[in-house]
>>> print(open('final16.cif').read())   # mmCIF, C-alpha atoms and all ligand atoms
data_data
loop_
_atom_site.label_atom_id
_atom_site.label_comp_id
_atom_site.auth_asym_id
_atom_site.auth_seq_id
_atom_site.Cartn_x
_atom_site.Cartn_y
_atom_site.Cartn_z
CA MET A 1 13.92 -29.02 -1.37
CA HIS A 2 13.14 -32.61 -0.38
CA PRO A 3 13.62 -35.02 -3.31
CA LEU A 4 10.10 -36.38 -2.83
CA ALA A 5 8.47 -32.95 -3.31
CA ARG A 6 5.99 -32.63 -6.18
CA TRP A 7 8.20 -31.62 -9.08
CA LYS A 8 6.04 -28.61 -9.96
CA LEU A 9 6.94 -27.08 -6.60
CA ARG A 10 10.44 -26.35 -7.90
CA GLY A 11 9.06 -23.22 -9.53
CA VAL A 12 7.50 -21.88 -6.32
CA LYS A 13 9.32 -18.99 -4.67
CA PRO A 14 7.89 -18.13 -1.27
CA TYR A 15 6.17 -14.76 -0.78
CA ILE A 16 8.42 -12.10 0.80
CA PRO A 17 6.33 -10.02 3.20
CA GLY A 18 7.23 -6.58 4.56
CA LYS A 19 9.70 -6.89 7.41
CA PRO A 20 7.84 -7.26 10.72
CA ILE A 21 8.54 -4.57 13.35
CA GLU A 22 9.51 -7.26 15.88
CA GLU A 23 12.15 -8.67 13.53
CA LEU A 24 13.80 -5.29 12.90
CA ALA A 25 13.79 -4.49 16.63
CA ARG A 26 15.53 -7.82 17.28
CA GLU A 27 18.11 -7.40 14.52
CA LEU A 28 19.12 -3.81 15.22
CA ASN A 29 18.46 -3.69 18.92
CA LEU A 30 16.61 -0.46 18.17
CA LYS A 31 15.38 1.46 21.18
CA GLY A 32 13.20 4.15 19.63
CA GLU A 33 9.96 3.69 17.81
CA ILE A 34 9.90 1.69 14.58
CA TYR A 35 7.55 2.76 11.79
CA LYS A 36 6.32 0.12 9.38
CA LEU A 37 5.32 1.64 6.06
CA ALA A 38 5.76 -1.60 4.18
CA SER A 39 2.52 -3.57 4.07
CA ASN A 40 -0.22 -0.99 3.52
CA GLU A 41 -1.67 -1.54 6.98
CA ASN A 42 -3.89 1.14 8.51
CA PRO A 43 -1.73 3.36 10.76
CA LEU A 44 -4.82 4.35 12.76
CA GLY A 45 -5.17 0.76 13.97
CA PRO A 46 -8.33 -1.34 13.98
CA SER A 47 -11.76 0.18 14.51
CA PRO A 48 -12.21 0.96 18.23
CA MET A 49 -15.63 -0.71 18.03
CA ALA A 50 -14.01 -3.91 16.80
CA VAL A 51 -11.39 -3.75 19.56
CA LYS A 52 -14.07 -3.43 22.23
CA ALA A 53 -16.03 -6.38 20.83
CA MET A 54 -12.87 -8.51 20.75
CA GLU A 55 -12.08 -7.68 24.37
CA ASP A 56 -15.56 -8.79 25.36
CA ALA A 57 -15.13 -12.07 23.46
CA LEU A 58 -11.78 -13.19 24.89
CA GLY A 59 -13.38 -15.70 27.26
CA GLU A 60 -15.11 -17.58 24.41
CA MET A 61 -11.97 -18.69 22.62
CA ASN A 62 -12.35 -22.28 23.83
CA LEU A 63 -15.16 -22.62 21.30
CA TYR A 64 -14.73 -23.38 17.62
CA PRO A 65 -15.96 -20.61 15.36
CA ASP A 66 -19.21 -20.79 13.40
CA ASP A 67 -18.03 -22.58 10.27
CA MET A 68 -20.42 -20.65 8.04
CA SER A 69 -19.76 -17.25 9.70
CA TYR A 70 -23.52 -16.77 9.49
CA TYR A 71 -23.83 -13.29 11.01
CA LEU A 72 -20.82 -11.77 9.30
CA VAL A 73 -21.83 -13.12 5.88
CA LYS A 74 -25.36 -11.84 6.39
CA LYS A 75 -24.11 -8.39 7.31
CA LEU A 76 -21.76 -8.27 4.32
CA SER A 77 -24.51 -9.44 1.98
CA LYS A 78 -26.77 -6.58 3.12
CA LYS A 79 -24.01 -4.02 2.79
CA ILE A 80 -23.01 -5.17 -0.70
CA GLY A 81 -26.50 -5.97 -1.96
CA VAL A 82 -25.97 -9.61 -2.93
CA SER A 83 -27.28 -12.79 -1.34
CA PRO A 84 -25.29 -14.66 1.35
CA ALA A 85 -24.91 -17.50 -1.16
CA GLU A 86 -22.82 -15.15 -3.30
CA ILE A 87 -20.15 -14.58 -0.63
CA ILE A 88 -17.21 -16.67 0.57
CA LEU A 89 -14.79 -15.76 3.36
CA GLY A 90 -11.10 -16.60 3.39
CA ASN A 91 -8.19 -16.53 5.81
CA GLY A 92 -7.09 -13.36 4.09
CA SER A 93 -8.14 -12.82 0.50
CA VAL A 94 -4.97 -14.69 -0.47
CA GLU A 95 -6.62 -17.89 0.73
CA ILE A 96 -9.47 -17.30 -1.72
CA MET A 97 -6.93 -16.82 -4.54
CA LEU A 98 -5.60 -20.30 -3.79
CA MET A 99 -9.15 -21.70 -3.59
CA ILE A 100 -9.90 -20.24 -7.03
CA ALA A 101 -6.84 -21.86 -8.57
CA LEU A 102 -7.49 -25.18 -6.81
CA ALA A 103 -11.14 -25.26 -7.79
CA PHE A 104 -10.94 -24.12 -11.42
CA VAL A 105 -7.49 -24.63 -12.94
CA ASN A 106 -6.30 -28.09 -13.92
CA PRO A 107 -2.51 -28.58 -13.84
CA GLY A 108 -1.09 -27.41 -17.16
CA GLU A 109 -3.94 -25.00 -17.90
CA SER A 110 -3.18 -21.31 -17.92
CA ILE A 111 -3.74 -18.28 -15.71
CA VAL A 112 -3.24 -14.71 -16.98
CA ALA A 113 -1.99 -11.94 -14.67
CA SER A 114 0.19 -8.86 -15.24
CA ASP A 115 3.87 -9.53 -14.60
CA GLN A 116 4.30 -6.57 -12.22
CA SER A 117 1.24 -7.07 -10.11
CA PHE A 118 0.48 -8.76 -6.77
CA ILE A 119 2.93 -11.68 -6.62
CA MET A 120 0.48 -14.05 -4.93
CA TYR A 121 -1.21 -14.71 -8.29
CA ARG A 122 2.01 -16.24 -9.60
CA ILE A 123 2.59 -18.11 -6.37
CA VAL A 124 -0.85 -19.79 -6.33
CA GLY A 125 -0.51 -20.57 -10.04
CA ASN A 126 2.85 -22.21 -9.45
CA ILE A 127 1.61 -24.14 -6.41
CA ILE A 128 -1.14 -25.84 -8.37
CA GLY A 129 1.00 -26.36 -11.49
CA ALA A 130 -0.71 -23.87 -13.80
CA VAL A 131 1.04 -22.17 -16.70
CA MET A 132 1.36 -18.45 -15.92
CA ILE A 133 0.96 -16.01 -18.81
CA GLU A 134 2.16 -12.61 -17.62
CA PRO A 135 1.95 -9.66 -20.01
CA PRO A 136 3.83 -6.49 -18.97
CA LEU A 137 2.34 -3.31 -17.54
CA LYS A 138 2.09 -0.24 -19.73
CA ASP A 139 3.43 2.94 -18.08
CA GLY A 140 2.92 1.37 -14.66
CA LYS A 141 -0.69 0.53 -15.45
CA ILE A 142 -2.35 -2.83 -16.12
CA ASP A 143 -2.56 -3.31 -19.87
CA LEU A 144 -6.03 -4.76 -20.49
CA GLU A 145 -5.39 -5.07 -24.26
CA ALA A 146 -2.31 -7.18 -23.59
CA ILE A 147 -4.29 -9.31 -21.15
CA LEU A 148 -6.99 -9.96 -23.78
CA LEU A 149 -4.31 -10.94 -26.30
CA SER A 150 -2.76 -13.34 -23.77
CA ILE A 151 -5.92 -15.42 -23.32
CA ARG A 152 -5.56 -18.93 -24.77
CA PRO A 153 -8.18 -21.66 -25.21
CA ASP A 154 -6.91 -23.31 -21.98
CA THR A 155 -7.04 -20.07 -19.93
CA LYS A 156 -9.31 -20.51 -16.92
CA VAL A 157 -8.64 -17.49 -14.73
CA ILE A 158 -7.45 -13.89 -15.06
CA PHE A 159 -6.24 -12.08 -11.93
CA ILE A 160 -6.39 -8.27 -11.97
CA SER A 161 -5.39 -6.10 -9.04
CA ASN A 162 -7.42 -2.88 -9.26
CA PRO A 163 -5.90 -0.58 -8.11
CA ASN A 164 -2.64 -2.33 -8.88
CA ASN A 165 -0.23 -3.34 -6.17
CA PRO A 166 2.67 -2.30 -6.29
CA THR A 167 2.20 0.69 -8.63
CA GLY A 168 -1.00 2.18 -7.12
CA THR A 169 -2.45 2.85 -10.59
CA ALA A 170 -6.13 2.25 -11.31
CA LEU A 171 -8.39 1.09 -14.12
CA PHE A 172 -11.51 3.20 -14.56
CA LYS A 173 -15.09 2.51 -15.44
CA GLU A 174 -15.04 2.59 -19.25
CA GLU A 175 -11.83 0.55 -19.50
CA VAL A 176 -13.23 -2.12 -17.20
CA GLU A 177 -16.54 -2.24 -19.09
CA ASN A 178 -14.88 -2.57 -22.50
CA PHE A 179 -12.62 -5.28 -21.19
CA MET A 180 -15.41 -7.32 -19.59
CA LYS A 181 -17.38 -7.25 -22.85
CA LYS A 182 -14.43 -8.79 -24.69
CA VAL A 183 -13.37 -11.52 -22.26
CA PRO A 184 -14.58 -14.95 -23.40
CA GLU A 185 -17.47 -16.25 -21.31
CA ASP A 186 -15.61 -19.37 -20.20
CA VAL A 187 -12.86 -17.43 -18.40
CA ILE A 188 -13.23 -16.32 -14.77
CA VAL A 189 -12.07 -12.75 -14.14
CA VAL A 190 -10.88 -12.12 -10.60
CA TRP A 191 -11.02 -8.44 -9.62
CA ASP A 192 -8.77 -8.05 -6.60
CA GLU A 193 -10.10 -4.89 -4.95
CA ALA A 194 -8.04 -4.86 -1.75
CA TYR A 195 -8.02 -1.03 -1.87
CA TYR A 196 -11.68 -0.66 -2.84
CA GLU A 197 -12.59 1.69 0.01
CA TYR A 198 -9.90 4.16 -1.11
CA MET A 199 -11.33 4.23 -4.66
CA GLN A 200 -14.83 5.45 -3.95
CA GLY A 201 -16.06 8.42 -5.93
CA LYS A 202 -13.24 8.07 -8.45
CA ASN A 203 -14.99 6.90 -11.62
CA PHE A 204 -14.63 3.36 -10.36
CA LYS A 205 -16.62 0.51 -11.91
CA GLU A 206 -18.77 -1.28 -9.33
CA THR A 207 -17.79 -4.77 -10.47
CA VAL A 208 -20.40 -6.32 -8.18
CA SER A 209 -22.86 -5.57 -10.99
CA TYR A 210 -21.22 -8.39 -12.97
CA VAL A 211 -21.88 -10.81 -10.12
CA LYS A 212 -25.53 -9.73 -10.11
CA ARG A 213 -25.70 -10.47 -13.84
CA GLY A 214 -24.23 -13.93 -13.21
CA TRP A 215 -21.03 -13.34 -15.18
CA ASN A 216 -17.98 -15.48 -14.53
CA CYS A 217 -16.08 -13.31 -12.09
CA VAL A 218 -14.97 -13.10 -8.47
CA ILE A 219 -14.54 -9.80 -6.60
CA LEU A 220 -11.99 -9.99 -3.80
CA ARG A 221 -11.95 -7.56 -0.89
CA THR A 222 -10.26 -7.60 2.48
CA PHE A 223 -10.37 -6.47 6.10
CA SER A 224 -6.56 -6.16 6.06
CA LYS A 225 -6.29 -2.68 4.62
CA ILE A 226 -8.73 0.08 5.50
CA TYR A 227 -10.35 -1.91 8.31
CA GLY A 228 -6.98 -2.33 10.01
CA LEU A 229 -7.43 -6.03 10.77
CA ALA A 230 -4.51 -7.53 8.84
CA GLY A 231 -3.39 -9.47 11.89
CA LEU A 232 -6.64 -11.42 12.05
CA ARG A 233 -6.51 -12.60 8.40
CA LEU A 234 -9.89 -12.06 6.82
CA GLY A 235 -10.87 -11.46 3.22
CA TYR A 236 -13.99 -12.15 1.18
CA GLY A 237 -15.01 -13.07 -2.32
CA ILE A 238 -18.21 -12.06 -4.11
CA ALA A 239 -19.26 -14.23 -7.04
CA PRO A 240 -22.26 -15.91 -8.64
CA LYS A 241 -23.63 -18.75 -6.48
CA GLU A 242 -22.34 -21.53 -8.70
CA ILE A 243 -18.79 -20.23 -8.37
CA ILE A 244 -19.14 -19.89 -4.58
CA ASP A 245 -20.51 -23.45 -4.34
CA THR A 246 -17.46 -24.68 -6.24
CA LEU A 247 -15.02 -22.73 -4.07
CA MET A 248 -16.70 -24.16 -0.94
CA ARG A 249 -15.51 -27.63 -2.01
CA VAL A 250 -11.86 -26.71 -1.55
CA ARG A 251 -12.36 -24.69 1.64
CA LEU A 252 -11.10 -26.22 4.88
CA PRO A 253 -13.51 -26.16 7.84
CA PHE A 254 -13.13 -23.31 10.34
CA ASN A 255 -10.90 -21.25 8.04
CA ILE A 256 -12.24 -18.06 9.63
CA ASN A 257 -11.40 -17.85 13.32
CA ARG A 258 -13.87 -16.73 15.96
CA MET A 259 -12.06 -13.48 16.77
CA ALA A 260 -11.93 -12.44 13.12
CA GLN A 261 -15.67 -12.98 12.71
CA ILE A 262 -16.42 -10.82 15.74
CA ALA A 263 -14.00 -8.04 14.85
CA ALA A 264 -15.12 -7.80 11.23
CA TYR A 265 -18.79 -7.78 12.17
CA HIS A 266 -18.27 -4.72 14.38
CA ALA A 267 -15.75 -3.03 12.08
CA LEU A 268 -18.45 -2.93 9.39
CA ASP A 269 -20.56 -0.76 11.70
CA ASP A 270 -17.75 1.72 12.31
CA GLU A 271 -18.26 4.15 9.46
CA GLU A 272 -16.40 6.87 11.31
CA HIS A 273 -13.22 4.80 11.40
CA VAL A 274 -13.43 4.21 7.64
CA ARG A 275 -14.07 7.90 6.98
CA LYS A 276 -11.12 8.96 9.15
CA SER A 277 -8.86 6.46 7.42
CA VAL A 278 -9.81 7.68 3.95
CA GLY A 279 -9.36 11.29 5.11
CA LEU A 280 -5.90 10.63 6.51
CA VAL A 281 -4.73 9.08 3.25
CA GLU A 282 -6.16 11.93 1.16
CA THR A 283 -4.44 14.60 3.27
CA GLU A 284 -1.12 12.82 3.72
CA LYS A 285 -0.96 11.81 0.07
CA LYS A 286 -0.81 15.49 -0.85
CA TYR A 287 1.87 16.17 1.75
CA LEU A 288 4.02 13.30 0.46
CA TYR A 289 3.57 14.26 -3.23
CA HIS A 290 4.71 17.77 -2.37
CA GLU A 291 7.75 16.56 -0.42
CA PHE A 292 8.78 13.95 -3.00
CA THR A 293 8.70 16.64 -5.66
CA LYS A 294 10.86 18.93 -3.50
CA LEU A 295 13.35 16.07 -3.12
CA GLY A 296 13.36 15.52 -6.88
CA LEU A 297 11.86 12.04 -6.55
CA LYS A 298 9.47 10.68 -9.15
CA TYR A 299 6.31 8.92 -8.01
CA LEU A 300 3.15 7.51 -9.54
CA PRO A 301 -0.12 9.19 -8.46
CA THR A 302 -1.88 6.63 -6.29
CA TYR A 303 -5.43 5.35 -5.82
CA THR A 304 -4.45 3.40 -2.70
CA ASN A 305 -2.83 4.00 0.68
CA PHE A 306 0.68 3.49 -0.69
CA ILE A 307 2.93 5.35 -3.14
CA PHE A 308 5.30 3.92 -5.73
CA VAL A 309 8.46 6.03 -5.66
CA ASP A 310 11.09 5.75 -8.39
CA LEU A 311 14.59 6.70 -7.22
CA GLY A 312 16.05 6.48 -10.70
CA ARG A 313 18.86 4.26 -9.40
CA ASP A 314 19.22 1.15 -7.25
CA ALA A 315 16.78 1.61 -4.36
CA ALA A 316 18.47 -0.93 -2.07
CA PRO A 317 20.78 1.58 -0.30
CA ALA A 318 17.82 3.88 0.44
CA TYR A 319 15.83 0.93 1.76
CA GLU A 320 18.74 -0.12 4.01
CA TYR A 321 19.27 3.45 5.25
CA LEU A 322 15.61 3.83 6.20
CA LEU A 323 15.66 0.42 7.87
CA LYS A 324 18.73 1.28 9.94
CA ASN A 325 16.85 4.36 11.14
CA GLY A 326 13.71 2.51 12.09
CA VAL A 327 11.49 3.02 9.04
CA ILE A 328 10.48 -0.08 7.12
CA VAL A 329 9.36 0.39 3.51
CA ARG A 330 9.07 -2.12 0.69
CA PRO A 331 11.86 -2.63 -1.86
CA LEU A 332 10.43 -3.84 -5.17
CA LYS A 333 13.31 -5.81 -6.62
CA ASN A 334 11.31 -9.03 -6.62
CA TYR A 335 8.62 -7.18 -8.59
CA ASN A 336 11.34 -6.33 -11.12
CA PHE A 337 11.41 -2.67 -10.09
CA PRO A 338 14.94 -2.52 -8.60
CA ASN A 339 14.90 1.31 -8.56
CA ALA A 340 11.61 1.71 -6.74
CA LEU A 341 10.23 1.68 -3.22
CA ARG A 342 6.61 1.12 -2.25
CA ILE A 343 5.80 3.33 0.71
CA THR A 344 2.63 3.04 2.78
CA ILE A 345 1.06 6.39 3.65
CA GLY A 346 1.39 6.65 7.43
CA THR A 347 0.32 9.12 10.09
CA HIS A 348 1.62 12.66 9.62
CA GLN A 349 4.33 12.05 12.22
CA GLN A 350 5.47 8.91 10.40
CA ASN A 351 5.47 10.63 7.02
CA VAL A 352 7.49 13.57 8.36
CA LYS A 353 10.10 11.15 9.73
CA LEU A 354 10.22 9.33 6.39
CA ILE A 355 10.79 12.56 4.48
CA GLU A 356 13.47 13.73 6.95
CA LEU A 357 15.36 10.47 6.49
CA LEU A 358 15.02 10.47 2.71
CA ASN A 359 16.29 14.04 2.67
CA LYS A 360 19.34 13.11 4.76
CA PHE A 361 19.98 10.05 2.68
CA LEU A 362 19.88 11.95 -0.60
CA LYS A 363 22.19 14.68 0.79
CA ASN A 364 24.69 12.08 2.03
CA THR A 365 24.75 10.36 -1.31
CA GLU A 366 24.68 13.43 -3.51
CA SER A 367 27.94 12.37 -5.11
CA GLY A 368 26.07 9.30 -6.34
CA TYR A 369 26.27 5.70 -5.31
C1 LIG B 1 -2.92 -6.41 0.65
C2 LIG B 1 -3.48 -7.05 -0.56
C3 LIG B 1 -4.34 -8.13 -0.45
C4 LIG B 1 -4.83 -8.55 0.89
O1 LIG B 1 -4.49 -9.79 1.26
P1 LIG B 1 -5.14 -10.41 2.57
O2 LIG B 1 -4.78 -11.85 2.38
O3 LIG B 1 -6.61 -10.18 2.54
O4 LIG B 1 -4.46 -9.78 3.73
C5 LIG B 1 -4.82 -8.71 -1.60
N1 LIG B 1 -4.50 -8.22 -2.80
C6 LIG B 1 -3.70 -7.16 -2.94
C7 LIG B 1 -3.42 -6.62 -4.29
C8 LIG B 1 -3.16 -6.56 -1.82
O5 LIG B 1 -2.35 -5.51 -1.96
#
>>> encode(input="final16.cif", output="structure tokens", more="lines below")
Ligand SMILES: *Cc1c(COP(=O)(O)O)cnc(C)c1O
Amino acid sequence: MHPLARWKLRGVKPYIPGKPIEELARELNLKGEIYKLASNENPLGPSPMAVKAMEDALGEMNLYPDDMSYYLVKKLSKKIGVSPAEIILGNGSVEIMLMIALAFVNPGESIVASDQSFIMYRIVGNIIGAVMIEPPLKDGKIDLEAILLSIRPDTKVIFISNPNNPTGTALFKEEVENFMKKVPEDVIVVWDEAYYEYMQGKNFKETVSYVKRGWNCVILRTFSKIYGLAGLRLGYGIAPKEIIDTLMRVRLPFNINRMAQIAAYHALDDEEHVRKSVGLVETEKKYLYHEFTKLGLKYLPTYTNFIFVDLGRDAAPAYEYLLKNGVIVRPLKNYNFPNALRITIGTHQQNVKLIELLNKFLKNTESGY
């Protein structure tokens, strides 16, 4: 690092994303199709309605976007049942995570987040020079008791991924309610609900009710997962007006590009696309559970569109084998799960290929590695 860098930046390790398809194609000179099951993208693609609207808008890209994203915010506010003043958009929900840390946490104050949860919480904490307090998971699940015990007088923000990435486990209604009653009023709880649409009808607490009551919390959701718009970078936060006003002070102008506003606006109308996407995950989840069990692989039941698979031994060779054969999954060594892979639920064809390869790999390495 440059010697003039802010000294706190020494603790910042860059985020490691899933390997892009283009990169693997370049490295391996692969001819056939490459399947990316590494970043929980929607294998059905974006909503066709959004695609059509984007095609129609191509000629307007000389114009700056509407800085307030008026129409998209209005549509979201109606759908969610809060006022437009209770919504903020970000260049991906990760941008809002950084805004929260920048706006609320003084250097040296603390942030609480589980140690095997979405790594961006640690990264934004480290960027702004916060102290990270990171209690462990309990049986792959976020331990709300441990989080409560970790809160200190200088704690400003708690980040909770529900369901949790990378384990796919969820916190249910009663647990969330008990927890929220016990959190001190002067701490902001961030509920990162990137997989919200996959959780419906599953005894899930509608955390938006806390926003309506004016509690100190931010709900984060995204267009990257079920809406299939990860490439456009668009997430949103729902919070009481005073919190949104504060976040607006650290937001850069035009953080939401014109194409993203158009695509998201139309994607929200496409209920069929959402329904199909949920249906695919429900069906394919069962197929994969069944096949993993046949292969003798342990997994955690998931409330998302990805599955945490425990190989019971170093997962790196399996990851490399899949990669060599054109299937990208996510190794979890940097999440301190060296034996596990996080696998996005793909189309049936993709999942069949994954299982075929895992089967071959396990047969080849039966003698152990
Ligand atoms: C994928 C994901 C996000 C989404 O990030 P974007 O910046 O909106 O693409 C946020 N949180 C978690 C836990 C995720 O898994």
>>> closest_atom_pairs(input="final16.cif", of="chain A", to="ligand LIG 1 (chain B)", cutoff="7 Å", atoms="only C-alpha atoms and all ligand atoms", output="Markdown table")
| residue | atom | partner | partner_atom | distance |
| --- | --- | --- | --- | --- |
| A:Asn40 | CA | B:LIG1 | C1 | 6.7 |
| A:Asn91 | CA | B:LIG1 | O2 | 6.7 |
| A:Gly92 | CA | B:LIG1 | O2 | 3.2 |
| A:Ser93 | CA | B:LIG1 | O3 | 3.7 |
| A:Val94 | CA | B:LIG1 | O2 | 4.0 |
| A:Glu95 | CA | B:LIG1 | O2 | 6.5 |
| A:Phe118 | CA | B:LIG1 | C7 | 5.1 |
| A:Ser161 | CA | B:LIG1 | C7 | 5.2 |
| A:Asn164 | CA | B:LIG1 | C7 | 6.3 |
| A:Asn165 | CA | B:LIG1 | C7 | 4.9 |
| A:Asp192 | CA | B:LIG1 | N1 | 5.7 |
| A:Glu193 | CA | B:LIG1 | N1 | 6.9 |
| A:Ala194 | CA | B:LIG1 | N1 | 5.0 |
| A:Arg221 | CA | B:LIG1 | O3 | 6.9 |
| A:Thr222 | CA | B:LIG1 | O3 | 4.5 |
| A:Phe223 | CA | B:LIG1 | O3 | 6.4 |
| A:Ser224 | CA | B:LIG1 | O4 | 4.8 |
| A:Lys225 | CA | B:LIG1 | C1 | 6.4 |
| A:Ala230 | CA | B:LIG1 | O4 | 5.6 |
| A:Arg233 | CA | B:LIG1 | O4 | 5.8 |
| A:Leu234 | CA | B:LIG1 | O3 | 5.7 |
| A:Gly235 | CA | B:LIG1 | O3 | 4.5 |
>>> atom_distance(input="final16.cif", atom1="CA of Arg251 in chain A", atom2="CA of Gly90 in chain A")
8.4 Å
>>> closest_residue(input="final16.cif", among="A:Glu291, A:Glu320, A:Asp56, A:Asp310", to="Arg342 in chain A", atoms="only C-alpha atoms")
A:Asp310
>>> closest_residue(input="final16.cif", among="A:Thr246, A:Asn126, A:Ser69, A:Gln350", to="Arg10 in chain A", atoms="all atoms listed in the file")
A:Asn126
>>> atom_distance(input="final16.cif", atom1="CA of Ile244 in chain A", atom2="CA of Ile100 in chain A")
9.6 Å
>>> residues_near_point(input="final16.cif", point="(-6.5, -26.0, -13.1)", cutoff="12 Å", atoms="all atoms listed in the file", output="VMD selection string")
chain A and resid 98 to 111 124 to 132 154 to 157 187 to 188
>>> axis_aligned_box(input="final16.cif", around="range 334-342 of chain A", padding_each_side="5 Å", output="AutoDock Vina command-line options")
--center_x 10.8 --center_y -3.7 --center_z -6.7 --size_x 18.3 --size_y 20.7 --size_z 18.9
>>> residues_around(input="final16.cif", residues="Ala85 in chain A", least_positions_apart="4", cutoff="12 Å", atoms="all atoms listed in the file", output="PyMOL selection string")
chain A and resi 68+70+73-74+76-78+81+89+211-212+237-248
>>> atom_distance(input="final16.cif", atom1="CA of Lys333 in chain A", atom2="CA of Phe308 in chain A")
12.6 Å
>>> closest_residue(input="final16.cif", among="A:Gly11, A:Pro184, A:Pro135, A:Gly231", to="Ile160 in chain A", atoms="only C-alpha atoms")
A:Pro135
>>> closest_residue(input="final16.cif", among="A:Gly18, A:Thr365, A:Ile80, A:Pro48", to="Lys36 in chain A", atoms="only C-alpha atoms")
A:Gly18
>>> closest_residue(input="final16.cif", among="A:His266, A:Asn257, A:Leu4, A:Thr293", to="Asn62 in chain A", atoms="all atoms listed in the file")
A:Asn257
